[in-house]
>>> print(open('data-v9.cif').read())   # mmCIF, C-alpha atoms
data_data
#
loop_
_atom_site.label_atom_id
_atom_site.label_comp_id
_atom_site.auth_asym_id
_atom_site.auth_seq_id
_atom_site.Cartn_x
_atom_site.Cartn_y
_atom_site.Cartn_z
CA MET H 625 0.00 0.00 0.00
CA LYS H 626 1.23 3.52 -0.82
CA ILE H 627 0.84 6.06 1.97
CA GLU H 628 -0.45 8.64 -0.51
CA GLN H 629 -3.44 6.43 -1.38
CA PHE H 630 -4.29 5.47 2.19
CA ASN H 631 -6.99 7.36 4.10
CA PHE H 632 -6.18 7.44 7.82
CA ALA H 633 -9.56 8.96 8.83
CA GLY H 634 -10.70 7.43 12.11
CA LYS H 635 -7.69 5.11 12.24
CA LYS H 636 -4.80 4.80 14.67
CA ALA H 637 -1.46 4.53 12.90
CA ILE H 638 1.67 3.27 14.65
CA VAL H 639 4.70 4.81 12.94
CA ARG H 640 8.32 3.69 13.34
CA VAL H 641 10.22 6.98 13.24
CA ASP H 642 13.92 7.64 13.81
CA PHE H 643 14.03 10.12 16.67
CA ASN H 644 17.53 9.07 17.72
CA VAL H 645 18.55 12.73 17.86
CA PRO H 646 21.57 14.26 19.63
CA LEU H 647 20.92 15.93 23.00
CA ASP H 648 23.04 18.30 25.07
CA GLU H 649 23.78 17.74 28.78
CA ASN H 650 20.42 19.32 29.68
CA GLY H 651 18.44 17.04 27.39
CA ASN H 652 17.85 19.68 24.70
CA VAL H 653 17.80 18.59 21.05
CA THR H 654 20.91 19.93 19.28
CA ASP H 655 20.01 18.72 15.76
CA ASP H 656 16.36 18.12 14.85
CA THR H 657 16.95 16.95 11.24
CA ARG H 658 15.46 13.51 11.92
CA ILE H 659 12.36 14.94 13.59
CA ARG H 660 11.77 17.28 10.66
CA GLY H 661 12.29 14.37 8.26
CA ALA H 662 9.33 12.48 9.76
CA LEU H 663 6.89 15.40 9.62
CA PRO H 664 5.33 14.84 6.15
CA THR H 665 4.22 11.33 7.14
CA LEU H 666 2.97 12.32 10.59
CA LYS H 667 1.12 15.39 9.28
CA LYS H 668 -0.56 13.38 6.51
CA ILE H 669 -2.00 10.97 9.12
CA LEU H 670 -3.30 13.81 11.32
CA ALA H 671 -4.64 15.82 8.36
CA ASP H 672 -6.63 12.78 7.20
CA GLY H 673 -8.31 12.65 10.62
CA GLY H 674 -6.28 9.81 12.01
CA SER H 675 -4.30 9.60 15.25
CA VAL H 676 -0.60 8.81 15.37
CA ILE H 677 1.46 6.67 17.73
CA MET H 678 5.20 7.30 17.29
CA MET H 679 7.78 4.73 18.32
CA SER H 680 11.55 5.12 18.21
CA HIS H 681 14.80 4.15 19.86
CA MET H 682 17.41 6.53 21.27
CA GLY H 683 21.02 5.53 21.79
CA LYS H 684 22.09 2.09 22.99
CA PRO H 685 20.54 1.40 26.41
CA LYS H 686 21.08 -2.35 25.85
CA GLY H 687 17.69 -3.44 27.11
CA LYS H 688 17.79 -1.41 30.32
CA VAL H 689 15.96 1.77 31.36
CA ASN H 690 18.33 4.75 31.14
CA PRO H 691 16.79 8.18 31.99
CA LYS H 692 19.48 9.92 29.89
CA LEU H 693 18.08 8.13 26.83
CA SER H 694 14.41 8.74 27.59
CA LEU H 695 12.32 10.05 24.70
CA SER H 696 10.37 12.14 27.25
CA GLN H 697 13.13 14.72 26.70
CA ILE H 698 12.03 15.39 23.11
CA VAL H 699 8.25 15.58 23.60
CA LYS H 700 8.28 19.40 23.64
CA ASN H 701 10.37 19.58 20.47
CA VAL H 702 8.19 17.06 18.60
CA SER H 703 5.02 18.89 19.75
CA GLU H 704 6.34 22.20 18.40
CA HIS H 705 7.22 20.69 15.02
CA LEU H 706 4.00 18.72 14.69
CA GLY H 707 1.75 21.56 15.79
CA VAL H 708 -0.19 19.40 18.28
CA GLU H 709 0.46 18.59 21.92
CA VAL H 710 2.17 15.19 21.91
CA LYS H 711 1.19 12.87 24.74
CA PHE H 712 3.78 10.51 26.22
CA ALA H 713 3.56 6.84 27.25
CA PRO H 714 6.33 6.12 29.82
CA ASP H 715 6.36 2.39 29.04
CA CYS H 716 6.21 1.36 25.38
CA ALA H 717 5.09 -2.19 26.23
CA ASN H 718 2.26 -1.07 28.53
CA ALA H 719 0.63 1.78 26.64
CA ASP H 720 -2.81 0.23 26.08
CA ASN H 721 -4.66 2.98 27.97
CA GLU H 722 -2.79 5.85 26.31
CA ALA H 723 -3.31 4.35 22.85
CA ALA H 724 -7.00 3.59 23.45
CA ALA H 725 -7.65 7.14 24.65
CA LEU H 726 -6.26 8.74 21.47
CA LYS H 727 -8.80 10.75 19.48
CA PRO H 728 -8.53 11.70 15.77
CA GLY H 729 -5.92 14.42 15.30
CA GLU H 730 -4.02 13.46 18.46
CA ALA H 731 -0.46 12.17 18.80
CA LEU H 732 1.31 9.88 21.26
CA LEU H 733 5.02 9.15 21.64
CA LEU H 734 6.08 5.85 23.20
CA GLU H 735 9.11 5.54 25.47
CA ASN H 736 12.43 4.27 24.04
CA LEU H 737 11.86 0.87 22.42
CA ARG H 738 15.36 -0.29 23.31
CA PHE H 739 14.62 -0.13 27.03
CA TYR H 740 13.32 -3.62 26.25
CA PRO H 741 15.86 -6.22 24.98
CA GLU H 742 13.02 -7.71 22.94
CA GLU H 743 13.24 -4.78 20.49
CA GLU H 744 16.66 -5.84 19.20
CA GLY H 745 15.95 -9.51 19.87
CA LYS H 746 19.42 -10.40 21.16
CA PRO H 747 19.93 -12.60 24.25
CA VAL H 748 21.18 -10.51 27.17
CA GLY H 749 23.94 -11.50 29.60
CA ILE H 750 25.04 -14.61 27.72
CA ASP H 751 28.05 -15.07 25.46
CA LYS H 752 27.74 -16.56 21.97
CA THR H 753 30.25 -19.24 22.97
CA ASP H 754 28.05 -20.42 25.86
CA PRO H 755 26.41 -23.80 25.06
CA ALA H 756 23.10 -22.36 26.28
CA TYR H 757 23.25 -19.45 23.78
CA ASP H 758 21.17 -21.13 21.05
CA GLU H 759 18.38 -21.87 23.51
CA ALA H 760 18.52 -18.30 24.84
CA LYS H 761 18.35 -16.98 21.28
CA LYS H 762 15.29 -19.11 20.56
CA GLU H 763 13.58 -17.90 23.73
CA MET H 764 14.39 -14.25 22.88
CA LYS H 765 12.89 -14.71 19.40
CA THR H 766 9.62 -15.80 21.03
CA ARG H 767 9.74 -12.79 23.35
CA GLN H 768 10.50 -10.47 20.43
CA GLN H 769 7.44 -11.79 18.59
CA ALA H 770 5.25 -11.09 21.64
CA PHE H 771 6.73 -7.60 22.01
CA ALA H 772 6.01 -6.80 18.35
CA LYS H 773 2.46 -8.16 18.71
CA LYS H 774 1.92 -5.88 21.71
CA LEU H 775 3.08 -2.80 19.78
CA ALA H 776 0.85 -3.77 16.84
CA SER H 777 -2.18 -4.09 19.13
CA TYR H 778 -2.21 -0.33 19.73
CA ALA H 779 -3.09 0.53 16.12
CA ASP H 780 -5.07 -0.23 12.97
CA CYS H 781 -2.19 0.25 10.57
CA TYR H 782 1.61 0.36 10.52
CA VAL H 783 3.91 2.86 8.80
CA MET H 784 7.67 2.26 8.50
CA ASP H 785 9.44 5.62 8.18
CA ALA H 786 12.83 5.04 9.84
CA PHE H 787 15.35 4.35 7.06
CA GLY H 788 18.22 4.58 9.53
CA THR H 789 17.03 1.34 11.17
CA ALA H 790 15.75 -0.45 8.05
CA HIS H 791 18.80 -2.72 7.97
CA ARG H 792 17.94 -4.13 11.42
CA LYS H 793 15.52 -7.04 11.95
CA HIS H 794 14.08 -5.46 15.09
CA ALA H 795 10.60 -5.89 16.55
CA SER H 796 9.49 -2.42 15.43
CA THR H 797 11.04 -2.60 11.94
CA ALA H 798 10.67 -6.12 10.60
CA VAL H 799 8.50 -8.20 12.95
CA ILE H 800 5.55 -5.92 13.73
CA ASP H 801 4.51 -5.95 10.05
CA GLU H 802 3.40 -9.59 10.42
CA TYR H 803 0.38 -8.36 12.38
CA PHE H 804 -0.94 -6.16 9.54
CA ASP H 805 -2.18 -7.24 6.11
CA LYS H 806 -0.68 -5.71 2.96
CA ASP H 807 -3.42 -3.05 2.82
CA HIS H 808 -2.61 -1.80 6.32
CA LYS H 809 1.19 -1.55 6.26
CA MET H 810 3.23 0.90 4.20
CA LEU H 811 6.40 2.92 3.86
CA GLY H 812 6.24 6.53 5.02
CA TYR H 813 7.20 9.47 2.78
CA LEU H 814 10.77 9.61 4.10
CA MET H 815 11.30 5.89 3.48
CA GLU H 816 9.84 6.18 -0.02
CA LYS H 817 12.26 9.01 -0.80
CA GLU H 818 15.23 7.05 0.56
CA VAL H 819 14.35 3.89 -1.38
CA THR H 820 13.87 5.93 -4.58
CA ALA H 821 17.18 7.76 -4.06
CA VAL H 822 19.09 4.49 -3.64
CA ASP H 823 17.29 3.07 -6.68
CA ASN H 824 18.29 6.12 -8.73
CA VAL H 825 21.92 5.55 -7.86
CA LEU H 826 22.05 1.77 -8.25
CA SER H 827 19.38 0.85 -10.78
CA ASN H 828 18.46 3.95 -12.73
CA ILE H 829 22.04 4.99 -13.49
CA LYS H 830 22.75 7.92 -15.76
CA ARG H 831 26.37 7.79 -16.89
CA PRO H 832 29.11 8.57 -16.18
CA PHE H 833 28.64 7.30 -12.60
CA THR H 834 31.21 8.44 -10.01
CA ALA H 835 31.28 7.03 -6.48
CA ILE H 836 33.43 8.55 -3.74
CA MET H 837 34.23 6.27 -0.81
CA GLY H 838 36.13 7.78 2.09
CA GLY H 839 36.77 6.91 5.69
CA SER H 840 39.61 5.29 7.57
CA LYS H 841 39.18 1.57 6.89
CA VAL H 842 39.06 -0.59 3.79
CA SER H 843 37.59 -3.42 5.90
CA THR H 844 34.32 -1.61 6.65
CA LYS H 845 33.80 -0.63 3.00
CA ILE H 846 35.08 -3.63 1.05
CA GLY H 847 31.62 -5.14 0.37
CA ILE H 848 30.39 -1.79 -0.94
CA ILE H 849 33.53 -1.21 -3.01
CA GLU H 850 33.22 -4.65 -4.63
CA ASN H 851 29.56 -4.08 -5.46
CA LEU H 852 30.32 -0.65 -6.93
CA LEU H 853 33.13 -1.99 -9.13
CA GLY H 854 30.46 -3.64 -11.24
CA LYS H 855 28.44 -0.44 -11.59
CA VAL H 856 30.59 2.72 -11.63
CA ASP H 857 32.70 4.43 -14.27
CA ASN H 858 34.88 6.27 -11.74
CA LEU H 859 35.65 5.16 -8.19
CA ILE H 860 37.41 7.60 -5.87
CA LEU H 861 38.87 6.03 -2.74
CA CYS H 862 40.03 8.60 -0.21
CA GLY H 863 40.49 9.33 3.49
CA GLY H 864 42.49 6.91 5.63
CA MET H 865 42.05 4.15 3.05
CA THR H 866 44.54 6.01 0.85
CA TYR H 867 47.48 4.82 2.93
CA THR H 868 46.52 1.13 2.94
CA PHE H 869 46.47 1.30 -0.87
CA ALA H 870 49.75 3.25 -0.96
CA LYS H 871 51.52 0.72 1.27
CA ALA H 872 50.06 -2.22 -0.66
CA GLN H 873 51.81 -0.86 -3.76
CA GLY H 874 55.14 -0.58 -1.98
CA GLY H 875 54.80 3.01 -0.75
CA LYS H 876 56.25 4.58 2.38
CA ILE H 877 53.46 6.02 4.56
CA GLY H 878 55.16 7.19 7.77
CA LYS H 879 52.81 6.72 10.71
CA SER H 880 49.63 7.10 8.63
CA ILE H 881 46.63 4.92 9.46
CA CYS H 882 46.88 1.58 7.68
CA GLU H 883 45.29 -1.87 7.79
CA ASP H 884 48.27 -4.15 7.32
CA ASP H 885 46.04 -7.21 7.09
CA LYS H 886 44.15 -5.71 4.14
CA LEU H 887 47.06 -5.01 1.76
CA ASP H 888 46.11 -8.00 -0.40
CA VAL H 889 42.49 -6.78 -0.46
CA ALA H 890 43.68 -3.36 -1.70
CA LEU H 891 45.71 -4.97 -4.50
CA ASP H 892 42.69 -7.09 -5.43
CA VAL H 893 40.51 -3.94 -5.70
CA ILE H 894 43.09 -2.36 -8.03
CA LYS H 895 43.10 -5.52 -10.17
CA LYS H 896 39.29 -5.78 -10.30
CA ALA H 897 38.94 -2.09 -11.22
CA LYS H 898 41.27 -2.67 -14.18
CA GLU H 899 39.37 -5.80 -15.25
CA ASN H 900 36.04 -3.94 -15.07
CA GLY H 901 37.33 -0.87 -16.95
CA VAL H 902 36.74 1.33 -13.89
CA ASN H 903 38.80 4.50 -13.52
CA LEU H 904 40.12 4.05 -9.95
CA VAL H 905 41.21 7.40 -8.52
CA LEU H 906 43.58 7.18 -5.56
CA GLY H 907 45.42 9.99 -3.80
CA THR H 908 48.81 10.85 -5.29
CA ASP H 909 49.71 13.54 -2.76
CA CYS H 910 48.56 14.43 0.74
CA ILE H 911 48.72 17.00 3.50
CA ALA H 912 50.92 15.26 6.06
CA ALA H 913 51.18 16.33 9.71
CA ASP H 914 53.68 15.62 12.46
CA ASP H 915 50.87 15.10 14.98
CA PHE H 916 47.17 14.15 14.97
CA SER H 917 46.12 17.70 15.83
CA ASN H 918 44.60 20.73 14.14
CA ASP H 919 47.68 22.76 15.09
CA ALA H 920 50.27 20.26 13.85
CA ASN H 921 53.04 21.23 11.46
CA THR H 922 52.15 20.25 7.89
CA GLN H 923 53.77 19.56 4.55
CA VAL H 924 52.56 18.42 1.14
CA CYS H 925 54.16 15.16 0.09
CA PRO H 926 53.48 12.17 -2.18
CA SER H 927 50.97 9.74 -0.62
CA ASN H 928 53.47 6.93 -1.16
CA ASN H 929 56.48 8.76 0.26
CA ILE H 930 55.57 10.20 3.67
CA PRO H 931 58.51 10.85 6.04
CA ASP H 932 58.86 8.80 9.23
CA GLY H 933 56.94 10.33 12.13
CA TRP H 934 54.46 12.08 9.78
CA GLU H 935 50.93 10.98 8.85
CA GLY H 936 48.58 11.85 6.00
CA LEU H 937 45.54 13.73 7.27
CA ASP H 938 44.05 15.20 4.08
CA ALA H 939 44.16 14.98 0.30
CA GLY H 940 46.83 17.13 -1.34
CA PRO H 941 46.35 19.74 -4.12
CA GLU H 942 47.02 17.38 -7.07
CA THR H 943 44.71 14.74 -5.62
CA ARG H 944 41.95 17.32 -5.17
CA LYS H 945 42.22 18.25 -8.86
CA ALA H 946 41.99 14.58 -9.88
CA PHE H 947 38.94 14.07 -7.64
CA ALA H 948 37.20 17.17 -9.07
CA GLU H 949 37.87 16.00 -12.64
CA ALA H 950 36.28 12.59 -11.99
CA ILE H 951 33.26 14.23 -10.32
CA LYS H 952 32.47 17.22 -12.54
CA GLY H 953 31.68 15.22 -15.66
CA ALA H 954 29.46 12.71 -13.84
CA LYS H 955 25.69 12.37 -14.20
CA THR H 956 25.25 10.11 -11.14
CA ILE H 957 27.27 10.70 -7.96
CA LEU H 958 27.41 8.85 -4.66
CA TRP H 959 29.49 10.18 -1.76
CA ASN H 960 30.15 8.32 1.47
CA GLY H 961 33.05 9.26 3.70
CA PRO H 962 35.32 12.32 3.94
CA ALA H 963 38.72 12.79 2.25
CA GLY H 964 40.50 13.77 5.45
CA VAL H 965 40.14 14.55 9.12
CA PHE H 966 37.38 17.08 8.45
CA GLU H 967 36.76 17.57 12.18
CA PHE H 968 39.99 19.62 12.17
CA ASP H 969 39.47 22.87 10.24
CA ASN H 970 43.00 22.74 8.83
CA PHE H 971 42.30 19.40 7.16
CA ILE H 972 38.95 19.97 5.44
CA GLY H 973 40.35 21.03 2.06
CA GLY H 974 40.02 17.63 0.39
CA SER H 975 36.44 17.10 1.54
CA LYS H 976 35.56 20.69 0.54
CA ALA H 977 37.01 20.11 -2.95
CA ILE H 978 34.77 17.03 -3.30
CA ALA H 979 31.70 18.95 -2.06
CA ASP H 980 32.39 21.85 -4.46
CA ALA H 981 32.76 19.50 -7.43
CA ILE H 982 29.56 17.63 -6.51
CA ALA H 983 27.66 20.94 -6.22
CA GLU H 984 28.91 22.01 -9.66
CA ALA H 985 27.98 18.67 -11.26
CA THR H 986 24.53 18.76 -9.59
CA ALA H 987 23.96 22.27 -10.95
CA ASN H 988 24.75 20.82 -14.38
CA GLY H 989 22.08 18.12 -14.07
CA ALA H 990 23.73 15.26 -12.17
CA PHE H 991 21.88 13.27 -9.50
CA SER H 992 23.95 13.36 -6.30
CA LEU H 993 23.32 11.23 -3.22
CA ILE H 994 25.19 11.97 0.00
CA GLY H 995 25.04 9.34 2.73
CA GLY H 996 26.77 8.31 5.92
CA GLY H 997 27.12 10.46 9.02
CA ASP H 998 30.50 12.03 8.22
CA SER H 999 29.66 12.97 4.63
CA VAL H 1000 26.39 14.52 5.76
CA ALA H 1001 28.26 16.37 8.53
CA CYS H 1002 30.70 17.65 5.88
CA ILE H 1003 27.94 18.95 3.61
CA ASN H 1004 26.23 20.62 6.57
CA LYS H 1005 29.52 22.09 7.83
CA PHE H 1006 30.09 23.65 4.41
CA GLY H 1007 26.48 24.93 4.28
CA MET H 1008 25.91 23.09 0.99
CA ALA H 1009 22.94 20.83 1.81
CA ASP H 1010 20.81 22.64 -0.78
CA LYS H 1011 23.44 22.14 -3.51
CA VAL H 1012 23.05 18.35 -3.76
CA SER H 1013 20.14 16.19 -4.94
CA TYR H 1014 19.56 14.07 -1.87
CA ILE H 1015 20.98 13.62 1.63
CA SER H 1016 20.27 10.21 3.15
CA THR H 1017 19.26 9.94 6.80
CA GLY H 1018 20.40 6.33 7.07
CA GLY H 1019 24.10 5.61 7.49
CA GLY H 1020 24.30 1.85 7.99
CA ALA H 1021 21.08 1.20 6.07
CA LEU H 1022 22.29 3.17 3.06
CA LEU H 1023 25.63 1.34 3.03
CA GLU H 1024 23.94 -2.05 3.16
CA ALA H 1025 21.58 -1.04 0.34
CA ILE H 1026 24.57 0.09 -1.76
CA GLU H 1027 26.27 -3.21 -0.95
CA GLY H 1028 23.28 -4.88 -2.58
CA LYS H 1029 21.81 -6.32 0.62
CA VAL H 1030 18.06 -6.62 1.18
CA LEU H 1031 16.91 -4.29 3.98
CA PRO H 1032 14.57 -6.14 6.38
CA GLY H 1033 12.58 -2.96 7.12
CA VAL H 1034 11.80 -2.50 3.43
CA ALA H 1035 11.33 -6.17 2.58
CA ALA H 1036 8.82 -6.55 5.44
CA ILE H 1037 6.51 -3.96 3.88
CA GLU H 1038 6.95 -5.17 0.34
CA ALA H 1039 6.35 -8.85 1.23
#
>>> encode(input="data-v9.cif", output="structure tokens")
Amino acid sequence: MKIEQFNFAGKKAIVRVDFNVPLDENGNVTDDTRIRGALPTLKKILADGGSVIMMSHMGKPKGKVNPKLSLSQIVKNVSEHLGVEVKFAPDCANADNEAAALKPGEALLLENLRFYPEEEGKPVGIDKTDPAYDEAKKEMKTRQQAFAKKLASYADCYVMDAFGTAHRKHASTAVIDEYFDKDHKMLGYLMEKEVTAVDNVLSNIKRPFTAIMGGSKVSTKIGIIENLLGKVDNLILCGGMTYTFAKAQGGKIGKSICEDDKLDVALDVIKKAKENGVNLVLGTDCIAADDFSNDANTQVCPSNNIPDGWEGLDAGPETRKAFAEAIKGAKTILWNGPAGVFEFDNFIGGSKAIADAIAEATANGAFSLIGGGDSVACINKFGMADKVSYISTGGGALLEAIEGKVLPGVAAIEA
């Protein structure tokens, strides 16, 4: 069922939102992007004359009640954005009365789902090596099913609108759907946009297609890189990964970050790129520093010839030009991961060069998708969020989708 076609009049809708927002020490929301992202779905339900029950996690309480991770802290903020006074249920698994009392046009927020271990469905307090683990896992699965059934009992229909958790088979994302037929479960507007954006990048490719993968480790990105090698025309690998590739090819990298156990993987990526006719763009020079600090002494040097005691912290001027060249002519662009230690203002040049090139290509008609926390933080830091086609709210979920994996939270609705 498409949310646009569904009439919520007189119905209670339980919506999985992603309100895992950052808070300051006083419990004030410091970035409300995720709350704002859920508004179109929530407002559609209320405008139709339905009532809305919002459920979300916050942080990692590991199945225990933690007041610092209570969603009660964001009720005021959500109320202001939604334009109605949001009621609060202090126990998500015992909210029958609060849900039953909801009238059309009213909204209720449930307490943090992860205060219950049943949400994530992992056995608590038992190691995987314990002989009793399998039995504990089976028992937790039964408890997870009951927890999901309880959540479903509050409402007439279910809306999945939390892309950031779509890669998890949790009670609220991929089990609860079993208690609604196909006409009473749907993706929310935010989820629809995310799924379409990923589809545009991976299935509806306009060429040339340039993907930029940054970050410190090859190991966390290898599945994505391998999947992209069969799809892209240009693949830029930057950030800390640069130095694993440099060392794999016999380079000298000083004290730069490097995964010594992934040198063969790096060489294999180079080989596969050649076999697939992919233009693999690696850093040729870098901004090296004598300390991991914003105030460190710096020098420009080849990425494969960094002096002892120095480490590469950003892409150098020649590398930035090569990145820009591979980006500016593209018609489809995917960016995940910065080109340097962008948290330090003196090492943001490489990431800024990427952002500028993406903005220029987008202005010339390219579709650009930015995903992953650090890339999004980069774009926001540069004040360029309106210069790209789409910014994904889901870090891990986006990466798994790019890797070609089926997302449980999407599959559950489409089943």
>>> residues_near_point(input="data-v9.cif", point="(32.4, 16.6, -9.0)", cutoff="8 Å", atoms="all atoms listed in the file", output="list in words")
Phe947, Ala948, Glu949, Ala950, Ile951, Lys952, Gly953, Ala954, Ile957, Ile978, Ala979, Asp980, Ala981, Ile982, Ala983, Glu984 and Ala985 of chain H
>>> resolve_selection(input="data-v9.cif", expression="the PyMOL selection byres ((chain H and resi 785) around 12)", output="PyMOL selection string")
chain H and resi 627+637-643+658-659+661-666+678-680+782-784+786-790+796-797+809-819+1017-1018+1033-1034+1037
>>> resolve_selection(input="data-v9.cif", expression="the PyMOL selection byres ((chain H and resi 762-769) around 8)", output="list in words")
Glu742, Glu743, Glu744, Gly745, Lys746, Pro747, Asp758, Glu759, Ala760, Lys761, Ala770, Phe771, Ala772, Lys773, Ala795, Val799 and Ile800 of chain H
>>> write_last_selection(input="data-v9.cif", atoms="C-alpha atoms", output="PDB file, in the frame of the given file")
ATOM      1  CA  GLU H 742      13.020  -7.710  22.940  1.00  0.00           C
ATOM      2  CA  GLU H 743      13.240  -4.780  20.490  1.00  0.00           C
ATOM      3  CA  GLU H 744      16.660  -5.840  19.200  1.00  0.00           C
ATOM      4  CA  GLY H 745      15.950  -9.510  19.870  1.00  0.00           C
ATOM      5  CA  LYS H 746      19.420 -10.400  21.160  1.00  0.00           C
ATOM      6  CA  PRO H 747      19.930 -12.600  24.250  1.00  0.00           C
ATOM      7  CA  ASP H 758      21.170 -21.130  21.050  1.00  0.00           C
ATOM      8  CA  GLU H 759      18.380 -21.870  23.510  1.00  0.00           C
ATOM      9  CA  ALA H 760      18.520 -18.300  24.840  1.00  0.00           C
ATOM     10  CA  LYS H 761      18.350 -16.980  21.280  1.00  0.00           C
ATOM     11  CA  ALA H 770       5.250 -11.090  21.640  1.00  0.00           C
ATOM     12  CA  PHE H 771       6.730  -7.600  22.010  1.00  0.00           C
ATOM     13  CA  ALA H 772       6.010  -6.800  18.350  1.00  0.00           C
ATOM     14  CA  LYS H 773       2.460  -8.160  18.710  1.00  0.00           C
ATOM     15  CA  ALA H 795      10.600  -5.890  16.550  1.00  0.00           C
ATOM     16  CA  VAL H 799       8.500  -8.200  12.950  1.00  0.00           C
ATOM     17  CA  ILE H 800       5.550  -5.920  13.730  1.00  0.00           C
TER      18      ILE H 800
END
>>> residues_near_point(input="data-v9.cif", point="(-4.8, -0.6, 18.8)", cutoff="7 Å", atoms="only C-alpha atoms", output="mmCIF file with C-alpha atoms, in the frame of the given file")
data_model
loop_
_atom_site.group_PDB
_atom_site.id
_atom_site.type_symbol
_atom_site.label_atom_id
_atom_site.label_comp_id
_atom_site.auth_asym_id
_atom_site.auth_seq_id
_atom_site.Cartn_x
_atom_site.Cartn_y
_atom_site.Cartn_z
ATOM 1 C CA LYS H 636 -4.800 4.800 14.670
ATOM 2 C CA ALA H 723 -3.310 4.350 22.850
ATOM 3 C CA ALA H 724 -7.000 3.590 23.450
ATOM 4 C CA ALA H 776 0.850 -3.770 16.840
ATOM 5 C CA SER H 777 -2.180 -4.090 19.130
ATOM 6 C CA TYR H 778 -2.210 -0.330 19.730
ATOM 7 C CA ALA H 779 -3.090 0.530 16.120
ATOM 8 C CA ASP H 780 -5.070 -0.230 12.970
#
>>> atom_distance(input="data-v9.cif", atom1="atom CA of Met682 of chain H", atom2="atom CA of Leu670 of chain H")
24.1 Å
>>> closest_residue(input="data-v9.cif", among="H:Leu958, H:Ala872, H:Ala1036, H:Ile750", to="Ala835 of chain H", atoms="all atoms listed in the file")
H:Leu958
